[in-house]
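As provided, my_file20.txt (compact mmCIF, C-alpha atoms) reads as follows.
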# COMPACT_ATOMS: atom_id res chain seq x y z
CA MET A 1 0.71 -6.40 -13.69
CA SER A 2 4.24 -5.08 -14.13
CA VAL A 3 4.62 -1.42 -13.27
CA THR A 4 7.44 0.82 -14.39
CA ALA A 5 8.26 3.57 -11.92
CA SER A 6 10.20 6.43 -13.52
CA PRO A 7 12.13 8.77 -11.20
CA ALA A 8 10.66 12.29 -11.05
CA PHE A 9 10.43 15.27 -8.71
CA LEU A 10 7.69 17.37 -7.16
CA TRP A 11 8.02 20.77 -5.54
CA ASN A 12 7.45 20.63 -1.79
CA VAL A 13 5.74 23.98 -1.13
CA GLU A 14 6.27 24.06 2.62
CA ARG A 15 9.97 23.24 2.46
CA GLY A 16 10.59 25.21 -0.73
CA GLU A 17 12.60 22.43 -2.35
CA ALA A 18 12.28 19.59 -4.85
CA GLU A 19 11.40 16.16 -3.48
CA ALA A 20 11.99 12.81 -5.15
CA ALA A 21 8.84 11.15 -6.53
CA GLU A 22 7.93 8.39 -8.95
CA LEU A 23 5.83 8.44 -12.10
CA TRP A 24 4.10 5.06 -12.42
CA ASP A 25 2.66 3.81 -15.70
CA ALA A 26 -0.36 2.34 -13.87
CA ILE A 27 -3.05 2.89 -11.31
CA THR A 28 -2.71 -0.09 -8.96
CA GLU A 29 -4.49 -1.37 -5.88
CA GLN A 30 -2.23 0.93 -3.88
CA GLN A 31 -3.64 3.99 -5.68
CA LEU A 32 -7.21 2.80 -5.18
CA ALA A 33 -6.50 2.20 -1.48
CA ASP A 34 -5.03 5.71 -1.19
CA TRP A 35 -8.05 7.06 -3.02
CA GLU A 36 -10.45 5.39 -0.63
CA ALA A 37 -8.59 5.86 2.65
CA GLU A 38 -6.80 9.17 2.08
CA TRP A 39 -8.25 11.19 -0.80
CA ILE A 40 -11.97 10.77 -0.08
CA PRO A 41 -11.83 11.68 3.63
CA GLU A 42 -9.56 14.66 2.95
CA LEU A 43 -11.73 15.83 0.07
CA PHE A 44 -14.81 15.38 2.20
CA LYS A 45 -13.37 17.39 5.07
CA ALA A 46 -12.19 20.14 2.74
CA LEU A 47 -15.54 20.42 0.98
CA GLN A 48 -17.30 20.42 4.32
CA ARG A 49 -15.02 23.22 5.53
CA LEU A 50 -15.93 25.26 2.48
CA ARG A 51 -19.59 24.65 3.03
CA ARG A 52 -19.29 25.66 6.65
CA ALA A 53 -17.52 28.86 5.75
CA GLY A 54 -20.64 30.36 4.29
CA VAL A 55 -23.55 28.19 5.30
CA PRO A 56 -25.07 27.94 8.79
CA ARG A 57 -24.87 24.41 10.16
CA GLN A 58 -28.64 24.09 10.41
CA ALA A 59 -28.80 24.52 6.65
CA TRP A 60 -26.44 21.64 5.80
CA PRO A 61 -28.23 18.88 3.96
CA GLN A 62 -27.64 16.41 6.80
CA SER A 63 -30.05 13.80 5.59
CA ARG A 64 -28.44 13.46 2.17
CA HIS A 65 -25.38 11.56 1.06
CA TRP A 66 -22.45 12.49 -1.10
CA ASP A 67 -22.31 10.67 -4.43
CA TRP A 68 -19.07 8.80 -3.70
CA ARG A 69 -20.49 5.67 -5.28
CA LYS A 70 -20.91 7.31 -8.67
CA LYS A 71 -17.40 8.71 -8.58
CA THR A 72 -15.84 5.47 -7.41
CA ALA A 73 -17.75 3.38 -9.95
CA ALA A 74 -16.82 5.74 -12.77
CA LEU A 75 -13.17 5.67 -11.80
CA THR A 76 -12.85 1.91 -11.46
CA GLY A 77 -14.89 1.48 -14.66
CA MET A 78 -12.20 3.29 -16.61
CA LEU A 79 -9.29 1.25 -15.33
CA ALA A 80 -9.25 -0.99 -18.39
CA HIS A 81 -7.55 1.95 -20.12
CA PRO A 82 -3.86 2.82 -19.74
CA SER A 83 -3.26 4.86 -16.62
CA PHE A 84 -0.56 6.75 -14.76
CA SER A 85 0.01 7.88 -11.21
CA ILE A 86 2.50 9.92 -9.23
CA VAL A 87 3.72 8.64 -5.88
CA CYS A 88 5.64 10.71 -3.37
CA ARG A 89 6.40 9.78 0.26
CA GLY A 90 4.50 6.54 -0.30
CA LEU A 91 1.26 8.34 -1.12
CA THR A 92 -0.54 8.81 -4.41
CA GLN A 93 -0.34 12.49 -5.37
CA GLY A 94 -2.10 12.47 -8.76
CA MET A 95 -3.75 10.08 -11.21
CA MET A 96 -4.45 10.04 -14.95
CA ILE A 97 -6.35 7.65 -17.25
CA VAL A 98 -6.04 7.82 -21.05
CA ASP A 99 -7.72 6.31 -24.08
CA ASN A 100 -5.27 5.60 -26.91
CA THR A 101 -7.61 3.84 -29.31
CA THR A 102 -11.02 5.42 -29.87
CA LYS A 103 -10.60 9.21 -30.18
CA ARG A 104 -9.47 11.26 -33.17
CA GLY A 105 -8.18 14.81 -33.69
CA ARG A 106 -10.62 17.70 -34.20
CA LEU A 107 -8.22 20.57 -34.99
CA ALA A 108 -8.10 21.25 -38.75
CA ASP A 109 -4.38 20.36 -38.94
CA GLN A 110 -4.89 16.96 -37.35
CA ALA A 111 -8.57 16.25 -37.97
CA GLY A 112 -9.26 12.51 -37.98
CA LYS A 113 -5.75 11.59 -36.84
CA ASN A 114 -5.17 9.33 -33.87
CA LEU A 115 -4.41 10.96 -30.56
CA VAL A 116 -4.22 10.09 -26.90
CA TYR A 117 -7.42 11.28 -25.24
CA VAL A 118 -7.00 12.08 -21.56
CA GLU A 119 -10.10 10.72 -19.85
CA TYR A 120 -9.29 11.74 -16.32
CA VAL A 121 -6.79 13.73 -14.31
CA GLU A 122 -7.10 14.47 -10.64
CA ASN A 123 -4.79 15.94 -8.06
CA ALA A 124 -4.74 14.71 -4.45
CA PRO A 125 -6.95 17.03 -2.36
CA TRP A 126 -3.99 18.32 -0.33
CA ASN A 127 -2.29 19.53 -3.53
CA ARG A 128 -5.27 21.71 -4.51
CA LYS A 129 -4.96 25.29 -3.38
CA GLU A 130 -8.69 25.95 -3.25
CA LEU A 131 -8.97 23.10 -0.70
CA PHE A 132 -5.66 23.32 1.16
CA ASP A 133 -3.76 26.57 1.36
CA PRO A 134 -0.86 26.26 1.00
CA PRO A 135 -0.97 23.03 -1.00
CA ARG A 136 1.61 20.31 -0.28
CA TYR A 137 3.12 19.65 -3.71
CA ARG A 138 3.30 21.40 -7.08
CA GLY A 139 4.08 19.97 -10.52
CA ILE A 140 1.65 17.04 -10.66
CA GLY A 141 -0.25 18.38 -13.70
CA SER A 142 2.90 18.99 -15.72
CA LEU A 143 4.29 15.52 -15.00
CA LEU A 144 1.03 13.85 -15.99
CA MET A 145 0.82 15.89 -19.20
CA ARG A 146 4.39 14.88 -19.94
CA ALA A 147 3.36 11.27 -19.45
CA ALA A 148 0.42 11.73 -21.85
CA ILE A 149 2.74 13.21 -24.47
CA GLU A 150 5.19 10.33 -24.08
CA ALA A 151 2.32 7.83 -24.31
CA SER A 152 1.18 9.55 -27.51
CA ARG A 153 4.70 9.41 -28.94
CA HIS A 154 4.99 5.76 -27.90
CA GLU A 155 1.83 4.99 -29.92
CA GLY A 156 3.23 6.87 -32.92
CA PHE A 157 0.79 9.79 -32.45
CA LYS A 158 3.66 12.31 -32.17
CA GLY A 159 2.48 13.94 -28.95
CA ARG A 160 -1.10 14.67 -30.09
CA ILE A 161 -3.48 14.86 -27.11
CA GLY A 162 -7.12 15.74 -26.53
CA LEU A 163 -8.99 16.37 -23.27
CA HIS A 164 -12.01 17.98 -21.63
CA SER A 165 -10.86 20.32 -18.90
CA LEU A 166 -12.78 21.20 -15.76
CA PRO A 167 -13.72 24.90 -16.00
CA GLN A 168 -11.34 25.88 -13.20
CA ALA A 169 -8.45 24.09 -14.96
CA ASP A 170 -8.83 25.81 -18.36
CA ALA A 171 -5.99 28.24 -17.61
CA PHE A 172 -3.53 25.42 -16.95
CA TYR A 173 -4.22 23.65 -20.25
CA ALA A 174 -4.39 26.87 -22.29
CA LYS A 175 -1.41 28.74 -20.83
CA THR A 176 0.96 26.35 -19.09
CA CYS A 177 0.42 23.48 -21.53
CA GLY A 178 -0.12 25.72 -24.58
CA MET A 179 -3.01 23.61 -25.91
CA THR A 180 -5.63 24.93 -28.33
CA ASP A 181 -9.00 25.70 -26.73
CA LEU A 182 -11.79 24.54 -29.07
CA GLY A 183 -14.44 25.98 -26.75
CA VAL A 184 -17.41 24.37 -25.05
CA ASP A 185 -18.04 20.89 -26.44
CA PRO A 186 -21.33 20.80 -28.36
CA ASP A 187 -22.00 17.37 -26.81
CA PRO A 188 -24.31 18.18 -23.85
CA ASN A 189 -22.71 15.33 -21.86
CA TYR A 190 -19.56 17.43 -21.54
CA SER A 191 -21.14 20.86 -21.08
CA PRO A 192 -19.82 23.27 -19.79
CA MET A 193 -16.38 21.74 -20.26
CA HIS A 194 -14.01 23.06 -22.91
CA TYR A 195 -12.30 20.68 -25.29
CA PHE A 196 -8.53 21.20 -25.63
CA GLU A 197 -6.18 19.68 -28.15
CA MET A 198 -2.38 19.54 -28.36
CA THR A 199 -0.55 19.28 -31.68
CA GLN A 200 2.86 17.74 -32.28
CA GLU A 201 4.41 21.23 -32.29
CA GLN A 202 2.66 22.22 -29.08
CA ALA A 203 3.85 19.01 -27.43
CA GLU A 204 7.45 19.81 -28.42
CA ALA A 205 7.03 23.37 -27.11
CA PHE A 206 5.63 22.10 -23.81
CA VAL A 207 8.54 19.73 -23.26
CA ALA A 208 11.00 22.50 -24.22
CA LYS A 209 9.42 24.89 -21.71
CA GLY A 210 10.97 23.02 -18.83
CA GLY A 211 14.43 23.30 -20.36
CA LYS A 212 16.61 20.27 -21.07
CA SER A 213 14.52 17.24 -20.22
CA MET B 1 6.84 2.56 -20.17
CA ARG B 2 9.84 4.42 -18.80
CA ILE B 3 9.65 8.21 -18.96
CA GLU B 4 12.86 10.22 -18.66
CA VAL B 5 12.54 13.60 -16.94
CA THR B 6 15.26 15.60 -15.23
CA LYS B 7 15.04 17.26 -11.85
CA ASP B 8 15.50 20.67 -13.52
CA TRP B 9 12.57 20.02 -15.89
CA CYS B 10 10.30 19.01 -13.03
CA VAL B 11 11.26 22.02 -10.93
CA ARG B 12 10.86 24.49 -13.81
CA MET B 13 7.45 23.06 -14.76
CA ALA B 14 6.29 23.00 -11.14
CA GLU B 15 7.18 26.69 -10.99
CA LEU B 16 5.20 27.43 -14.18
CA GLU B 17 2.28 25.30 -13.06
CA ALA B 18 2.23 26.94 -9.61
CA ASP B 19 -1.15 26.35 -7.94
CA GLU B 20 -3.23 25.89 -11.09
CA GLU B 21 -6.15 23.48 -11.03
CA ILE B 22 -5.55 20.46 -13.28
CA GLY B 23 -8.76 18.40 -13.22
CA VAL B 24 -9.80 16.66 -16.44
CA GLY B 25 -12.94 14.68 -17.26
CA LEU B 26 -16.32 14.25 -15.63
CA VAL B 27 -14.97 11.85 -13.02
CA ALA B 28 -12.67 14.58 -11.67
CA VAL B 29 -15.65 16.72 -10.70
CA ASP B 30 -15.92 16.98 -6.91
CA PRO B 31 -18.84 15.02 -5.47
CA VAL B 32 -22.03 16.85 -4.56
CA PHE B 33 -24.94 15.94 -2.35
CA ASP B 34 -27.36 13.92 -4.45
CA GLY B 35 -29.25 11.76 -1.99
CA GLU B 36 -27.45 8.57 -2.97
CA SER B 37 -25.43 6.43 -0.61
CA LEU B 38 -22.55 3.98 -0.82
CA ALA B 39 -23.15 0.33 -1.63
CA GLN B 40 -24.71 -0.72 1.64
CA SER B 41 -25.02 -3.93 3.54
CA GLU B 42 -28.57 -5.22 3.82
CA GLU B 43 -27.89 -6.47 7.35
CA PRO B 44 -28.90 -4.19 10.21
CA ALA B 45 -25.83 -2.77 11.91
CA VAL B 46 -26.66 -4.30 15.28
CA ALA B 47 -23.29 -3.59 16.82
CA PHE B 48 -22.60 -0.06 15.66
CA GLY B 49 -25.00 1.79 17.97
CA ARG B 50 -24.00 -0.33 20.96
CA PHE B 51 -20.34 0.23 20.15
CA VAL B 52 -20.70 4.00 19.88
CA SER B 53 -22.68 4.06 23.11
CA LEU B 54 -20.06 2.10 25.06
CA MET B 55 -17.17 4.10 23.60
CA ARG B 56 -18.95 7.28 24.61
CA ARG B 57 -19.75 6.09 28.15
CA ASN B 58 -16.23 4.74 28.54
CA ARG B 59 -15.04 8.31 28.07
CA GLY B 60 -17.63 9.68 30.43
CA LEU B 61 -19.33 11.75 27.74
CA SER B 62 -22.99 12.56 27.37
CA VAL B 63 -24.55 12.17 23.92
CA GLU B 64 -24.65 15.93 23.64
CA LYS B 65 -20.99 16.30 24.60
CA LEU B 66 -19.86 13.62 22.12
CA ALA B 67 -21.94 15.23 19.37
CA ASP B 68 -20.27 18.51 20.14
CA GLU B 69 -16.71 17.17 20.37
CA ALA B 70 -16.95 14.89 17.33
CA ASP B 71 -18.86 17.57 15.42
CA VAL B 72 -21.85 15.42 14.53
CA ASP B 73 -25.55 16.04 14.74
CA VAL B 74 -26.95 15.20 18.18
CA VAL B 75 -30.22 13.83 16.77
CA GLU B 76 -28.32 11.53 14.45
CA LEU B 77 -26.09 10.35 17.29
CA LEU B 78 -29.17 9.46 19.32
CA SER B 79 -30.58 7.58 16.33
CA ILE B 80 -27.33 5.65 15.97
CA GLU B 81 -27.33 4.57 19.60
CA GLU B 82 -31.02 3.81 19.86
CA VAL B 83 -32.15 2.46 16.46
CA ALA B 84 -30.43 -0.71 15.25
CA GLN B 85 -31.78 -0.29 11.71
CA TYR B 86 -30.60 3.31 11.44
CA LYS B 87 -28.08 3.95 8.63
CA PRO B 88 -25.86 6.84 9.67
CA GLU B 89 -24.36 9.47 7.39
CA VAL B 90 -20.96 8.62 5.92
CA ARG B 91 -19.65 11.89 7.28
CA THR B 92 -20.82 11.04 10.77
CA VAL B 93 -19.01 7.70 10.71
CA TYR B 94 -15.86 9.42 9.49
CA GLN B 95 -16.13 11.96 12.30
CA LEU B 96 -16.66 9.26 14.93
CA ALA B 97 -13.76 7.21 13.52
CA ASN B 98 -11.54 10.27 13.77
CA PHE B 99 -12.72 11.06 17.28
CA PHE B 100 -12.20 7.51 18.58
CA ALA B 101 -9.01 7.09 16.49
CA LEU B 102 -10.30 4.04 14.62
CA PRO B 103 -9.85 2.95 10.96
CA ARG B 104 -12.56 4.68 8.91
CA ALA B 105 -13.01 1.88 6.37
CA THR B 106 -13.57 -0.72 9.10
CA LEU B 107 -16.03 1.45 11.00
CA LEU B 108 -17.97 2.03 7.74
CA GLN B 109 -18.34 -1.76 7.48
CA VAL B 110 -19.49 -2.06 11.09
CA ALA B 111 -22.01 0.73 10.44
CA GLY B 112 -23.32 -1.21 7.43
CA LEU B 113 -22.46 1.61 5.02
CA THR B 114 -20.07 -0.46 2.94
CA LEU B 115 -20.21 -4.11 2.06
CA PRO B 116 -18.02 -6.10 4.43
CA LYS B 117 -14.67 -7.10 2.92
CA ASP B 118 -13.88 -9.27 5.90
CA SER B 119 -16.63 -11.53 7.26
CA ARG B 120 -14.73 -11.68 10.57
CA ILE B 121 -15.68 -8.04 11.20
CA ILE B 122 -19.37 -8.90 10.96
CA GLU B 123 -19.05 -12.04 13.10
CA GLU B 124 -17.16 -10.08 15.74
CA SER B 125 -19.75 -7.29 15.56
CA VAL B 126 -22.59 -9.70 16.29
CA ARG B 127 -20.63 -11.34 19.10
CA PHE B 128 -19.84 -7.93 20.56
CA ALA B 129 -23.49 -6.83 20.37
CA ALA B 130 -24.64 -10.01 22.12
CA ARG B 131 -22.02 -9.82 24.86
CA SER B 132 -22.48 -6.11 25.55
CA GLU B 133 -26.22 -6.31 26.15
CA PRO B 134 -26.56 -4.78 29.62
CA VAL B 135 -27.65 -7.26 32.33
CA GLU B 136 -26.84 -5.33 35.47
CA ALA B 137 -29.44 -3.43 37.51
CA LEU B 138 -29.98 0.22 36.77
CA THR B 139 -27.66 2.70 38.39
CA LYS B 140 -29.08 5.32 40.69
CA GLU B 141 -28.79 7.94 37.95
CA GLU B 142 -30.42 5.70 35.34
CA ARG B 143 -33.28 4.88 37.70
CA SER B 144 -33.78 8.58 38.49
CA ALA B 145 -33.76 9.54 34.78
CA LEU B 146 -36.16 6.70 34.01
CA GLU B 147 -38.56 7.65 36.81
CA THR B 148 -38.53 11.30 35.75
CA PHE B 149 -39.26 10.39 32.16
CA VAL B 150 -42.00 7.95 33.18
CA SER B 151 -43.60 10.62 35.34
CA VAL B 152 -43.57 13.07 32.38
CA LEU B 153 -45.14 10.40 30.18
CA SER B 154 -47.72 9.72 32.86
CA GLU B 155 -48.61 13.42 33.00
CA ASP B 156 -49.26 13.38 29.26
CA LYS B 157 -51.35 10.24 29.64
CA ASP B 158 -53.45 11.90 32.39
CA LYS B 159 -53.84 14.94 30.12
CA ASP B 160 -55.06 12.71 27.28
CA HIS B 161 -57.61 11.15 29.60
CA SER B 162 -58.79 14.49 30.89
CA LEU B 163 -59.12 15.76 27.29
CA GLY B 164 -60.92 12.64 26.26
So that I can check it, write out the structure of this file as C-alpha cells.
Amino acid sequence: MSVTASPAFLWNVERGEAEAAELWDAITEQQLADWEAEWIPELFKALQRLRRAGVPRQAWPQSRHWDWRKKTAALTGMLAHPSFSIVCRGLTQGMMIVDNTTKRGRLADQAGKNLVYVEYVENAPWNRKELFDPPRYRGIGSLLMRAAIEASRHEGFKGRIGLHSLPQADAFYAKTCGMTDLGVDPDPNYSPMHYFEMTQEQAEAFVAKGGKS
Amino acid sequence: MRIEVTKDWCVRMAELEADEEIGVGLVAVDPVFDGESLAQSEEPAVAFGRFVSLMRRNRGLSVEKLADEADVDVVELLSIEEVAQYKPEVRTVYQLANFFALPRATLLQVAGLTLPKDSRIIEESVRFAARSEPVEALTKEERSALETFVSVLSEDKDKDHSLG
C-alpha cells in the first residue's frame, strides 16, 4: 500500500509552539500497533484513574473485562474504507475512517447528493483534556476535518461531509467546524448521537477560518 | 492523496479547536466494562503464574507487597500464582508488565489473554515452567509456614470430628 504523507503541524501544549507532523492518507500497521501498544494502555489507565477518583476500590468491577475486543474488531472491520492518520514524533496522534460511496446528503440543499461520511474519528488518549490535563497536542480534529473536506473535493463532492458526533464533541463540529446540527438521529443504532452535515459553503468557510491555507 | 496545509493554518485552527473533544462514530466511544474478554488462548497459561511468582520472590516481595506496589488485587495475584487455569484480568497483566518493566503485549500472550503471535513465546513458556518447578528441599521459613498451616487444618479436622 502506498501512503502519501503530507507535511502538517500540531500545537505542542507544553512547549507552547507548533511541531512538525504528518497527515497520512492511510491507517497502516504502524497505526494499529500504536493503537494496541500505546493508545489502549493509556486509555485504560486514564479511565481507571477517573473511576478511582470517585469510586472506592472495593467497588470496582474487578471480575469483569473491558470490551476491547468489540472496539478492536469494529475498528479493523472498517479498514476497507479510505482512512487517514496524523503522526507526530513517530506516534499516531489521531485517526479517521471515511465512507465515500454509500451515504447521501440529508440537508434540504443537498438531499440525496453524494458526500463523504466520516465513520470514525478518535484522538490519542494523551491529546484528550478530560483524560490528560494538560493534553499533549492540539489541532488533530481540525486537520482530520480538513482531510475529509479534501477527500470530498477529490471525489467531486465539493466538500460535503456527514458524521455522527459523540455527545461531548458536538460543540467542536457545530462551532469550530460550522456544520449544521440535524439533531439526534432517529435511527436507534446511533442514539443519542447527533447527525452533522457540512455543505460546500461551510467547507469553504472552515478552510478560510484558518487563514491562507 | 497529498493535502496542502500551511503552518499558519494549522496553528490558527489548533487555537480555535483548543481542547475540544473530537470523537466521531460508535467505535470512538470509550470502552466500558461488559464482562467480555479479549480473544483468548485455549491453552492453560502454565508459565504465567510461575513466572510472576519467581519475579516476585527474586525481588524479595511478599504477595501482599507486590499487590500493593503493582496496584493489583491481592486475591487475584494469589490466583495467578496458584491456579494454572486462572485467566487474569487484562488490567492486572498490564500492571504487572509495568511493574516488572516487560512488554505488555508479550506478557498478555504468556498469560493466555491474547492469541500467541509467536509460537516461540509459548514453547519458551512451557520450557520455563518445566525447568522452574522447584526441586530443592523446603527452606526453614517454608517448613515453618507449612507446619503452622497444617496444624490449623488439623485443628479444624479435630473440630469436625468432635462435632460429628
Exercise for the section: Figure out the distance between CA of Ser152 in chain A and CA of Val24 in chain B, please, to one decimal in Å. Expected result: 17.1 Å
Sorted by chain and rising residue number, list the residues of chain B at most 10 Å from chain A (counting all atoms listed in the file), each with its closest atom pair and distance in Å to one decimal, as JSON lines.
{"residue": "B:Met1", "atom": "CA", "partner": "A:Thr4", "partner_atom": "CA", "distance": 6.1}
{"residue": "B:Arg2", "atom": "CA", "partner": "A:Ser6", "partner_atom": "CA", "distance": 5.7}
{"residue": "B:Ile3", "atom": "CA", "partner": "A:Ser6", "partner_atom": "CA", "distance": 5.8}
{"residue": "B:Glu4", "atom": "CA", "partner": "A:Ser6", "partner_atom": "CA", "distance": 6.9}
{"residue": "B:Val5", "atom": "CA", "partner": "A:Ser213", "partner_atom": "CA", "distance": 5.3}
{"residue": "B:Thr6", "atom": "CA", "partner": "A:Ser213", "partner_atom": "CA", "distance": 5.3}
{"residue": "B:Lys7", "atom": "CA", "partner": "A:Phe9", "partner_atom": "CA", "distance": 5.9}
{"residue": "B:Asp8", "atom": "CA", "partner": "A:Gly210", "partner_atom": "CA", "distance": 7.4}
{"residue": "B:Trp9", "atom": "CA", "partner": "A:Gly210", "partner_atom": "CA", "distance": 4.5}
{"residue": "B:Cys10", "atom": "CA", "partner": "A:Phe9", "partner_atom": "CA", "distance": 5.7}
{"residue": "B:Val11", "atom": "CA", "partner": "A:Trp11", "partner_atom": "CA", "distance": 6.4}
{"residue": "B:Arg12", "atom": "CA", "partner": "A:Gly210", "partner_atom": "CA", "distance": 5.2}
{"residue": "B:Met13", "atom": "CA", "partner": "A:Gly210", "partner_atom": "CA", "distance": 5.4}
{"residue": "B:Ala14", "atom": "CA", "partner": "A:Gly139", "partner_atom": "CA", "distance": 3.8}
{"residue": "B:Glu15", "atom": "CA", "partner": "A:Gly139", "partner_atom": "CA", "distance": 7.4}
{"residue": "B:Leu16", "atom": "CA", "partner": "A:Thr176", "partner_atom": "CA", "distance": 6.6}
{"residue": "B:Glu17", "atom": "CA", "partner": "A:Gly139", "partner_atom": "CA", "distance": 6.2}
{"residue": "B:Ala18", "atom": "CA", "partner": "A:Arg138", "partner_atom": "CA", "distance": 6.2}
{"residue": "B:Asp19", "atom": "CA", "partner": "A:Lys129", "partner_atom": "CA", "distance": 6.0}
{"residue": "B:Glu20", "atom": "CA", "partner": "A:Phe172", "partner_atom": "CA", "distance": 5.9}
{"residue": "B:Glu21", "atom": "CA", "partner": "A:Ala169", "partner_atom": "CA", "distance": 4.6}
{"residue": "B:Ile22", "atom": "CA", "partner": "A:Ala169", "partner_atom": "CA", "distance": 4.9}
{"residue": "B:Gly23", "atom": "CA", "partner": "A:Glu122", "partner_atom": "CA", "distance": 5.0}
{"residue": "B:Val24", "atom": "CA", "partner": "A:Ser165", "partner_atom": "CA", "distance": 4.5}
{"residue": "B:Gly25", "atom": "CA", "partner": "A:Tyr120", "partner_atom": "CA", "distance": 4.8}
{"residue": "B:Leu26", "atom": "CA", "partner": "A:Tyr190", "partner_atom": "CA", "distance": 7.5}
{"residue": "B:Val27", "atom": "CA", "partner": "A:Lys71", "partner_atom": "CA", "distance": 6.0}
{"residue": "B:Ala28", "atom": "CA", "partner": "A:Glu122", "partner_atom": "CA", "distance": 5.7}
{"residue": "B:Val29", "atom": "CA", "partner": "A:Leu166", "partner_atom": "CA", "distance": 7.3}
{"residue": "B:Asp30", "atom": "CA", "partner": "A:Leu43", "partner_atom": "CA", "distance": 8.2}
{"residue": "B:Pro31", "atom": "CA", "partner": "A:Asp67", "partner_atom": "CA", "distance": 5.7}
{"residue": "B:Val32", "atom": "CA", "partner": "A:Trp66", "partner_atom": "CA", "distance": 5.6}
{"residue": "B:Phe33", "atom": "CA", "partner": "A:Trp66", "partner_atom": "CA", "distance": 4.4}
{"residue": "B:Asp34", "atom": "CA", "partner": "A:Asp67", "partner_atom": "CA", "distance": 6.0}
{"residue": "B:Gly35", "atom": "CA", "partner": "A:Arg64", "partner_atom": "CA", "distance": 4.6}
{"residue": "B:Glu36", "atom": "CA", "partner": "A:His65", "partner_atom": "CA", "distance": 5.4}
{"residue": "B:Ser37", "atom": "CA", "partner": "A:His65", "partner_atom": "CA", "distance": 5.4}
{"residue": "B:Leu38", "atom": "CA", "partner": "A:Arg69", "partner_atom": "CA", "distance": 5.2}
{"residue": "B:Ala39", "atom": "CA", "partner": "A:Arg69", "partner_atom": "CA", "distance": 7.0}
{"residue": "B:Val72", "atom": "CA", "partner": "A:Gln62", "partner_atom": "CA", "distance": 9.7}
{"residue": "B:Asp73", "atom": "CA", "partner": "A:Gln62", "partner_atom": "CA", "distance": 8.2}
{"residue": "B:Glu76", "atom": "CA", "partner": "A:Gln62", "partner_atom": "CA", "distance": 9.1}
{"residue": "B:Pro88", "atom": "CA", "partner": "A:Ser63", "partner_atom": "CA", "distance": 9.1}
{"residue": "B:Glu89", "atom": "CA", "partner": "A:His65", "partner_atom": "CA", "distance": 6.7}
{"residue": "B:Val90", "atom": "CA", "partner": "A:His65", "partner_atom": "CA", "distance": 7.2}
{"residue": "B:Arg91", "atom": "CA", "partner": "A:Phe44", "partner_atom": "CA", "distance": 7.8}
{"residue": "B:Thr92", "atom": "CA", "partner": "A:Gln62", "partner_atom": "CA", "distance": 9.5}
{"residue": "B:Tyr94", "atom": "CA", "partner": "A:Pro41", "partner_atom": "CA", "distance": 7.5}
{"residue": "B:Gln95", "atom": "CA", "partner": "A:Lys45", "partner_atom": "CA", "distance": 9.5}
{"residue": "B:Pro103", "atom": "CA", "partner": "A:Ala37", "partner_atom": "CA", "distance": 8.9}
{"residue": "B:Arg104", "atom": "CA", "partner": "A:Ala37", "partner_atom": "CA", "distance": 7.5}
{"residue": "B:Ala105", "atom": "CA", "partner": "A:Ala37", "partner_atom": "CA", "distance": 7.0}
Fill in the blank from the handout: The distance between CA of Leu77 in chain B and CA of Arg57 in chain B is 13.3 Å
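Coordinates place CA of Ala148 in chain A at a distance of 11.3 Å from CA of Ser85 in chain A.
Residues in contact with Cys88 in chain A at up to 7 Å, not including ones fewer than 4 positions away on its chain and judged by all atoms listed in the file, are Ala20, Ala21, Glu22, Thr92 and Gln93 of chain A.
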Practice task
Enumerate, as an MDAnalysis selection string, the protein, DNA and RNA residues whose atoms approach (-0.1, 19.8, -29.3) to within 8 Å, taking into account only C-alpha atoms and the coordinate frame of the file.
Solution key: chainID A and resid 159:161 178:180 197:204
